[in-house]
$ cat model-v2.txt   # compact mmCIF, C-alpha atoms
# COMPACT_ATOMS: atom_id res chain seq x y z
CA MET A 1 42.18 83.06 198.15
CA MET A 2 45.32 84.01 196.25
CA ALA A 3 46.99 80.77 197.23
CA SER A 4 44.14 78.71 196.05
CA SER A 5 43.96 80.60 192.79
CA THR A 6 47.68 80.22 192.35
CA THR A 7 47.32 76.56 192.95
CA CYS A 8 44.54 76.40 190.44
CA CYS A 9 46.57 78.29 187.93
CA ASN A 10 49.51 75.88 188.37
CA VAL A 11 47.40 72.84 187.35
CA VAL A 12 48.56 71.61 183.96
CA HIS A 13 45.82 70.60 181.58
CA ILE A 14 46.66 67.44 179.57
CA PRO A 15 44.98 67.45 176.19
CA PRO A 16 43.36 64.17 175.06
CA TYR A 17 45.39 61.94 172.73
CA PRO A 18 44.04 59.54 170.19
CA MET A 19 43.49 55.90 171.27
CA ARG A 20 46.30 54.65 169.18
CA HIS A 21 48.79 56.68 171.21
CA CYS A 22 47.36 55.33 174.50
CA CYS A 23 47.56 51.63 173.44
CA PRO A 24 50.86 49.97 174.48
CA PHE A 25 50.78 47.98 171.15
CA PRO A 26 49.90 50.49 168.50
CA ASP A 27 50.07 47.86 165.67
CA ALA A 28 47.70 45.38 167.34
CA PRO A 29 44.66 46.08 165.12
CA ALA A 30 46.73 45.65 161.97
CA LEU A 31 48.31 42.48 163.29
CA TYR A 32 44.93 41.08 164.27
CA THR A 33 43.55 41.87 160.84
CA GLN A 34 46.56 40.21 159.23
CA PHE A 35 46.07 37.20 161.49
CA LEU A 36 42.45 36.90 160.47
CA ARG A 37 43.39 37.12 156.79
CA HIS A 38 46.13 34.52 157.27
CA ARG A 39 43.73 32.18 159.07
CA GLN A 40 41.15 32.59 156.35
CA SER A 41 43.76 31.99 153.65
CA SER A 42 45.14 28.99 155.57
CA SER A 43 41.68 27.48 155.99
CA TRP A 44 41.01 28.06 152.30
CA VAL A 45 44.27 26.33 151.39
CA LEU A 46 43.41 23.43 153.69
CA ARG A 47 39.97 23.12 152.12
CA VAL A 48 41.50 23.14 148.65
CA GLU A 49 44.11 20.56 149.61
CA SER A 50 41.53 18.34 151.30
CA ARG A 51 39.30 18.50 148.24
CA ARG A 52 42.27 17.72 146.01
CA LEU A 53 43.26 14.78 148.22
CA HIS A 54 39.66 13.55 148.29
CA ARG A 55 39.47 13.71 144.51
CA SER A 56 42.82 11.92 144.22
CA CYS A 57 41.62 9.13 146.51
CA ILE A 58 38.40 8.80 144.55
CA SER A 59 40.35 8.72 141.30
CA ARG A 60 42.73 6.05 142.56
CA ALA A 61 39.85 3.98 143.91
CA ALA A 62 38.10 4.26 140.56
CA GLN A 63 41.29 3.21 138.77
CA ALA A 64 41.72 0.23 141.09
CA THR A 65 38.08 -0.76 140.57
CA ALA A 66 38.47 -0.43 136.83
CA PHE A 67 41.65 -2.52 136.91
CA VAL A 68 39.97 -5.26 138.93
CA SER A 69 36.95 -5.19 136.66
CA ALA A 70 39.14 -5.35 133.55
CA THR A 71 41.15 -8.21 135.03
CA SER A 72 38.01 -10.08 135.98
CA ALA A 73 36.51 -9.43 132.56
CA SER A 74 39.66 -10.61 130.77
CA LEU A 75 39.86 -13.66 133.00
CA GLY A 76 36.18 -14.37 132.47
CA SER A 77 36.54 -13.98 128.72
CA GLY A 78 39.56 -16.32 128.74
CA VAL A 79 37.62 -18.92 130.70
CA SER A 80 34.65 -18.60 128.34
CA PHE A 81 36.97 -18.95 125.35
CA LEU A 82 38.58 -22.13 126.70
CA PHE A 83 35.17 -23.53 127.61
CA ALA A 84 33.85 -22.98 124.09
CA ALA A 85 37.10 -24.07 122.40
CA SER A 86 37.23 -27.36 124.27
CA THR A 87 33.63 -28.13 123.34
CA LEU A 88 34.08 -27.23 119.68
CA TYR A 89 37.29 -29.25 119.53
CA CYS A 90 35.47 -32.47 120.41
CA VAL A 91 32.62 -32.02 117.91
CA PRO A 92 34.54 -32.99 114.70
CA LEU A 93 36.13 -35.98 116.45
CA TYR A 94 32.74 -37.36 117.42
CA ALA A 95 31.43 -36.59 113.94
CA LEU A 96 34.22 -38.68 112.39
CA MET A 97 33.47 -41.65 114.65
CA LEU A 98 29.71 -41.44 114.15
CA PHE A 99 29.32 -40.65 110.45
CA TRP A 100 32.57 -41.84 108.82
CA PRO A 101 33.86 -44.63 111.06
CA ARG A 102 35.52 -46.62 108.25
CA ARG A 103 37.30 -43.75 106.55
CA ARG A 104 41.07 -43.85 106.52
CA VAL A 105 41.35 -40.36 107.98
CA THR A 106 39.05 -41.30 110.87
CA VAL A 107 41.00 -44.46 111.67
CA SER A 108 44.31 -42.59 111.48
CA VAL A 109 43.18 -39.70 113.65
CA MET A 110 41.49 -41.78 116.33
CA HIS A 111 44.45 -44.16 116.67
CA SER A 112 46.69 -41.22 117.54
CA ASN A 113 47.16 -40.22 121.18
CA TRP A 114 47.87 -36.63 120.13
CA ILE A 115 44.13 -35.88 120.02
CA PHE A 116 44.21 -35.53 123.82
CA VAL A 117 47.03 -32.97 123.89
CA PRO A 118 44.88 -29.85 123.19
CA LEU A 119 42.38 -30.83 125.88
CA SER A 120 45.22 -31.50 128.31
CA ILE A 121 46.73 -28.06 127.67
CA MET A 122 43.39 -26.32 128.13
CA TYR A 123 42.72 -28.27 131.30
CA ALA A 124 46.16 -27.45 132.72
CA THR A 125 45.64 -23.76 131.94
CA LEU A 126 42.31 -23.63 133.73
CA LEU A 127 43.62 -25.69 136.63
CA LEU A 128 46.57 -23.37 137.21
CA GLN A 129 44.37 -20.29 137.08
CA SER A 130 41.79 -21.76 139.47
CA TRP A 131 44.29 -23.16 141.95
CA THR A 132 44.28 -21.49 145.38
CA PRO A 133 46.07 -22.39 148.63
CA ASP A 134 42.86 -23.81 150.09
CA THR A 135 41.99 -26.02 147.10
CA VAL A 136 43.38 -29.21 148.61
CA GLN A 137 41.87 -28.33 151.99
CA LEU A 138 38.44 -27.96 150.40
CA ILE A 139 38.63 -31.28 148.58
CA MET A 140 40.33 -33.32 151.30
CA PRO A 141 39.97 -31.69 154.71
CA GLY A 142 41.65 -33.27 157.69
CA SER A 143 44.73 -33.32 159.86
CA LEU A 144 47.70 -35.59 159.34
CA GLN A 145 48.35 -35.72 163.09
CA ALA A 146 44.77 -36.81 163.74
CA GLY A 147 45.11 -39.47 161.07
CA LEU A 148 48.24 -40.84 162.73
CA ALA A 149 46.82 -40.67 166.26
CA GLY A 150 46.54 -44.44 166.59
CA LYS A 151 42.90 -45.26 165.90
CA PHE A 152 41.48 -45.71 162.45
CA SER A 153 40.69 -42.14 161.51
CA PRO A 154 40.82 -41.69 157.74
CA GLN A 155 42.03 -38.21 156.97
CA PHE A 156 42.19 -36.35 153.68
CA PHE A 157 39.03 -38.14 152.60
CA PRO A 158 37.05 -36.11 150.03
CA LYS A 159 34.01 -34.33 151.41
CA LEU A 160 30.97 -33.60 149.26
CA VAL A 161 30.43 -30.18 150.85
CA GLY A 162 33.96 -29.06 150.03
CA ILE A 163 33.72 -30.34 146.46
CA GLN A 164 30.41 -28.53 146.00
CA LEU A 165 31.93 -25.30 147.30
CA LEU A 166 35.00 -25.72 145.11
CA PHE A 167 33.10 -26.21 141.87
CA SER A 168 30.74 -23.32 142.57
CA LYS A 169 33.39 -21.02 141.05
CA THR A 170 33.20 -20.30 137.34
CA ILE A 171 36.79 -21.10 136.46
CA THR A 172 36.75 -24.33 138.50
CA ALA A 173 33.51 -25.41 136.83
CA ALA A 174 35.14 -24.75 133.44
CA SER A 175 38.13 -26.92 134.36
CA LEU A 176 35.72 -29.64 135.46
CA TRP A 177 33.97 -29.41 132.10
CA VAL A 178 37.23 -29.89 130.19
CA HIS A 179 38.04 -32.79 132.50
CA LEU A 180 34.72 -34.44 131.65
CA LEU A 181 35.22 -33.84 127.95
CA SER A 182 38.59 -35.59 128.10
CA ILE A 183 37.16 -38.60 129.93
CA ASN A 184 34.17 -38.86 127.59
CA LEU A 185 36.38 -38.62 124.52
CA PHE A 186 38.68 -41.31 125.89
CA ALA A 187 35.68 -43.59 126.53
CA ALA A 188 34.26 -42.97 123.06
CA ARG A 189 37.65 -43.57 121.41
CA THR A 190 38.10 -46.84 123.34
CA ALA A 191 34.68 -48.12 122.23
CA TYR A 192 35.33 -47.04 118.64
CA ILE A 193 38.77 -48.68 118.34
CA GLN A 194 37.68 -51.92 119.99
CA GLY A 195 34.60 -51.99 117.77
CA LEU A 196 36.82 -51.76 114.69
CA HIS A 197 39.15 -54.51 115.85
CA ASP A 198 36.35 -56.87 116.98
CA GLN A 199 34.00 -55.91 114.11
CA VAL A 200 31.32 -54.84 116.58
CA THR A 201 28.88 -51.97 116.06
CA SER A 202 29.98 -49.08 118.25
CA TRP A 203 28.10 -45.97 117.10
CA HIS A 204 25.57 -46.19 119.95
CA SER A 205 28.38 -46.61 122.49
CA VAL A 206 30.22 -43.61 121.02
CA LEU A 207 27.03 -41.56 121.23
CA LEU A 208 26.48 -42.52 124.86
CA SER A 209 30.12 -41.83 125.70
CA MET A 210 29.85 -38.34 124.22
CA VAL A 211 27.33 -37.38 126.89
CA PHE A 212 27.48 -39.92 129.71
CA GLY A 213 31.05 -41.25 129.50
CA PRO A 214 31.10 -44.47 131.59
CA LEU A 215 27.67 -45.52 130.33
CA GLY A 216 29.13 -45.62 126.82
CA LEU A 217 31.82 -48.04 127.96
CA LEU A 218 29.19 -50.14 129.72
CA SER A 219 27.12 -50.19 126.52
CA HIS A 220 30.16 -51.26 124.53
CA LEU A 221 30.92 -54.11 126.95
CA ALA A 222 27.33 -55.29 126.74
CA THR A 223 27.45 -55.12 122.94
CA GLN A 224 30.67 -57.12 122.87
CA GLY A 225 29.13 -59.78 125.09
CA ILE A 226 25.98 -60.06 122.97
CA CYS A 227 27.95 -60.29 119.71
CA ALA A 228 30.31 -62.90 121.15
CA SER A 229 27.35 -64.99 122.34
CA ARG A 230 25.74 -64.91 118.91
CA ARG A 231 28.98 -65.93 117.23
CA ARG A 232 29.28 -68.93 119.48
CA GLN A 233 25.78 -70.07 118.47
CA GLN A 234 26.60 -69.97 114.80
CA PRO A 235 27.43 -73.33 113.14
CA GLY A 236 31.05 -73.84 112.35
CA TYR A 237 32.25 -71.54 115.12
CA ALA A 238 35.81 -72.46 115.98
CA THR A 239 36.74 -72.08 119.63
$ encode --input "model-v2.txt" --output "structure tokens"
Amino acid sequence: MMASSTTCCNVVHIPPYPMRHCCPFPDAPALYTQFLRHRQSSSWVLRVESRRLHRSCISRAAQATAFVSATSASLGSGVSFLFAASTLYCVPLYALMLFWPRRRVTVSVMHSNWIFVPLSIMYATLLLQSWTPDTVQLIMPGSLQAGLAGKFSPQFFPKLVGIQLLFSKTITAASLWVHLLSINLFAARTAYIQGLHDQVTSWHSVLLSMVFGPLGLLSHLATQGICASRRRQQPGYAT
């Protein structure tokens, strides 16, 4: 009994320690808390940066859209200006030939080739702005090798579908309009000058040329033929 009691008395009682002294990494809770805070702050920074990048992309896209719109608007306004300017330029010239055909100023102006220079400049400007690498391909599609293959295979022949597609653009249609104005003015001027020299009435031919171009020249040729026939029928006509 004494031995057992002695043994019991020799047992050392170990008092309980706090958990933080039992953990092999006493700073783990603080490190974990710091890690959580760092992850939260990092995710917040990433969200802020992503939002800032998103806003920057949206801003740049808006600026690019605004630039394209401004360029298109300025180009469209330039095309509209040239379209209106070319039309207004021809009005006083036709007015001189129709209402004051015998005036000295009309004869002097219409005998000058410089009246076609402004229309030529406007046409060249519109043509250069409307020119694209596929312009020739649209007007005259075809292959040079296929054309030289041996058989008769006409290449680069204009196609109506390509011409229709080409002139569906605003700037190309404007250049076509200036082109037509130049041709019509040339036809009207030809009828007017020949009418003065041959003493043939030409106002109706000038009026037709203003709108229909070649029909004005056809009218002038018919008028010349009728007047020449009547002169031959007159007595005393010298051949």
$ residues_around --input "model-v2.txt" --residues "segment 210-219 of chain A" --least-positions-apart "6" --cutoff "7 Å" --atoms "all atoms listed in the file" --output "tab-separated table (two decimals) with C-alpha atoms, keeping the file's coordinate frame"
chain	number	residue	atom	x	y	z
A	183	ILE	CA	37.16	-38.60	129.93
A	184	ASN	CA	34.17	-38.86	127.59
A	185	LEU	CA	36.38	-38.62	124.52
A	187	ALA	CA	35.68	-43.59	126.53
A	188	ALA	CA	34.26	-42.97	123.06
A	191	ALA	CA	34.68	-48.12	122.23
$ atom_distance --input "model-v2.txt" --atom1 "atom CA of Gln199 of chain A" --atom2 "atom CA of Phe186 of chain A"
19.3 Å
$ residues_around --input "model-v2.txt" --residues "Leu160 of chain A" --least-positions-apart "6" --cutoff "10 Å" --atoms "only C-alpha atoms" --output "list of chain:residue names"
A:Leu138, A:Ile139, A:Met140, A:Leu166
$ atom_distance --input "model-v2.txt" --atom1 "atom CA of Ser175 of chain A" --atom2 "atom CA of Asp134 of chain A"
16.7 Å
$ closest_residue --input "model-v2.txt" --among "A:Met110, A:Ile115, A:Lys169, A:Leu96" --to "Trp131 of chain A" --atoms "all atoms listed in the file"
A:Lys169
$ atom_distance --input "model-v2.txt" --atom1 "atom CA of Ser229 of chain A" --atom2 "atom CA of Leu208 of chain A"
22.6 Å
$ closest_residue --input "model-v2.txt" --among "A:Tyr89, A:Phe83, A:Trp203, A:Phe157" --to "Pro101 of chain A" --atoms "only C-alpha atoms"
A:Trp203
$ closest_residue --input "model-v2.txt" --among "A:Leu165, A:Leu221, A:Val105, A:Leu207" --to "Gly195 of chain A" --atoms "only C-alpha atoms"
A:Leu221
$ closest_residue --input "model-v2.txt" --among "A:Thr172, A:Ala95, A:Thr201, A:Lys159" --to "Thr132 of chain A" --atoms "only C-alpha atoms"
A:Thr172
$ closest_residue --input "model-v2.txt" --among "A:Gln194, A:Ser205, A:Ser80, A:Ser86" --to "Val117 of chain A" --atoms "all atoms listed in the file"
A:Ser86
$ residues_around --input "model-v2.txt" --residues "Thr170 of chain A" --least-positions-apart "3" --cutoff "10 Å" --atoms "all atoms listed in the file" --output "VMD selection string"
chain A and resid 76 79 to 80 130 166 to 167 173 to 176
$ write_last_selection --input "model-v2.txt" --atoms "C-alpha atoms" --output "PDB file, keeping the file's coordinate frame"
ATOM      1  CA  GLY A  76      36.180 -14.370 132.470  1.00  0.00           C
ATOM      2  CA  VAL A  79      37.620 -18.920 130.700  1.00  0.00           C
ATOM      3  CA  SER A  80      34.650 -18.600 128.340  1.00  0.00           C
ATOM      4  CA  SER A 130      41.790 -21.760 139.470  1.00  0.00           C
ATOM      5  CA  LEU A 166      35.000 -25.720 145.110  1.00  0.00           C
ATOM      6  CA  PHE A 167      33.100 -26.210 141.870  1.00  0.00           C
ATOM      7  CA  ALA A 173      33.510 -25.410 136.830  1.00  0.00           C
ATOM      8  CA  ALA A 174      35.140 -24.750 133.440  1.00  0.00           C
ATOM      9  CA  SER A 175      38.130 -26.920 134.360  1.00  0.00           C
ATOM     10  CA  LEU A 176      35.720 -29.640 135.460  1.00  0.00           C
TER      11      LEU A 176
END
$ closest_residue --input "model-v2.txt" --among "A:Ala228, A:His220, A:Leu126, A:Tyr94" --to "Ile171 of chain A" --atoms "all atoms listed in the file"
A:Leu126
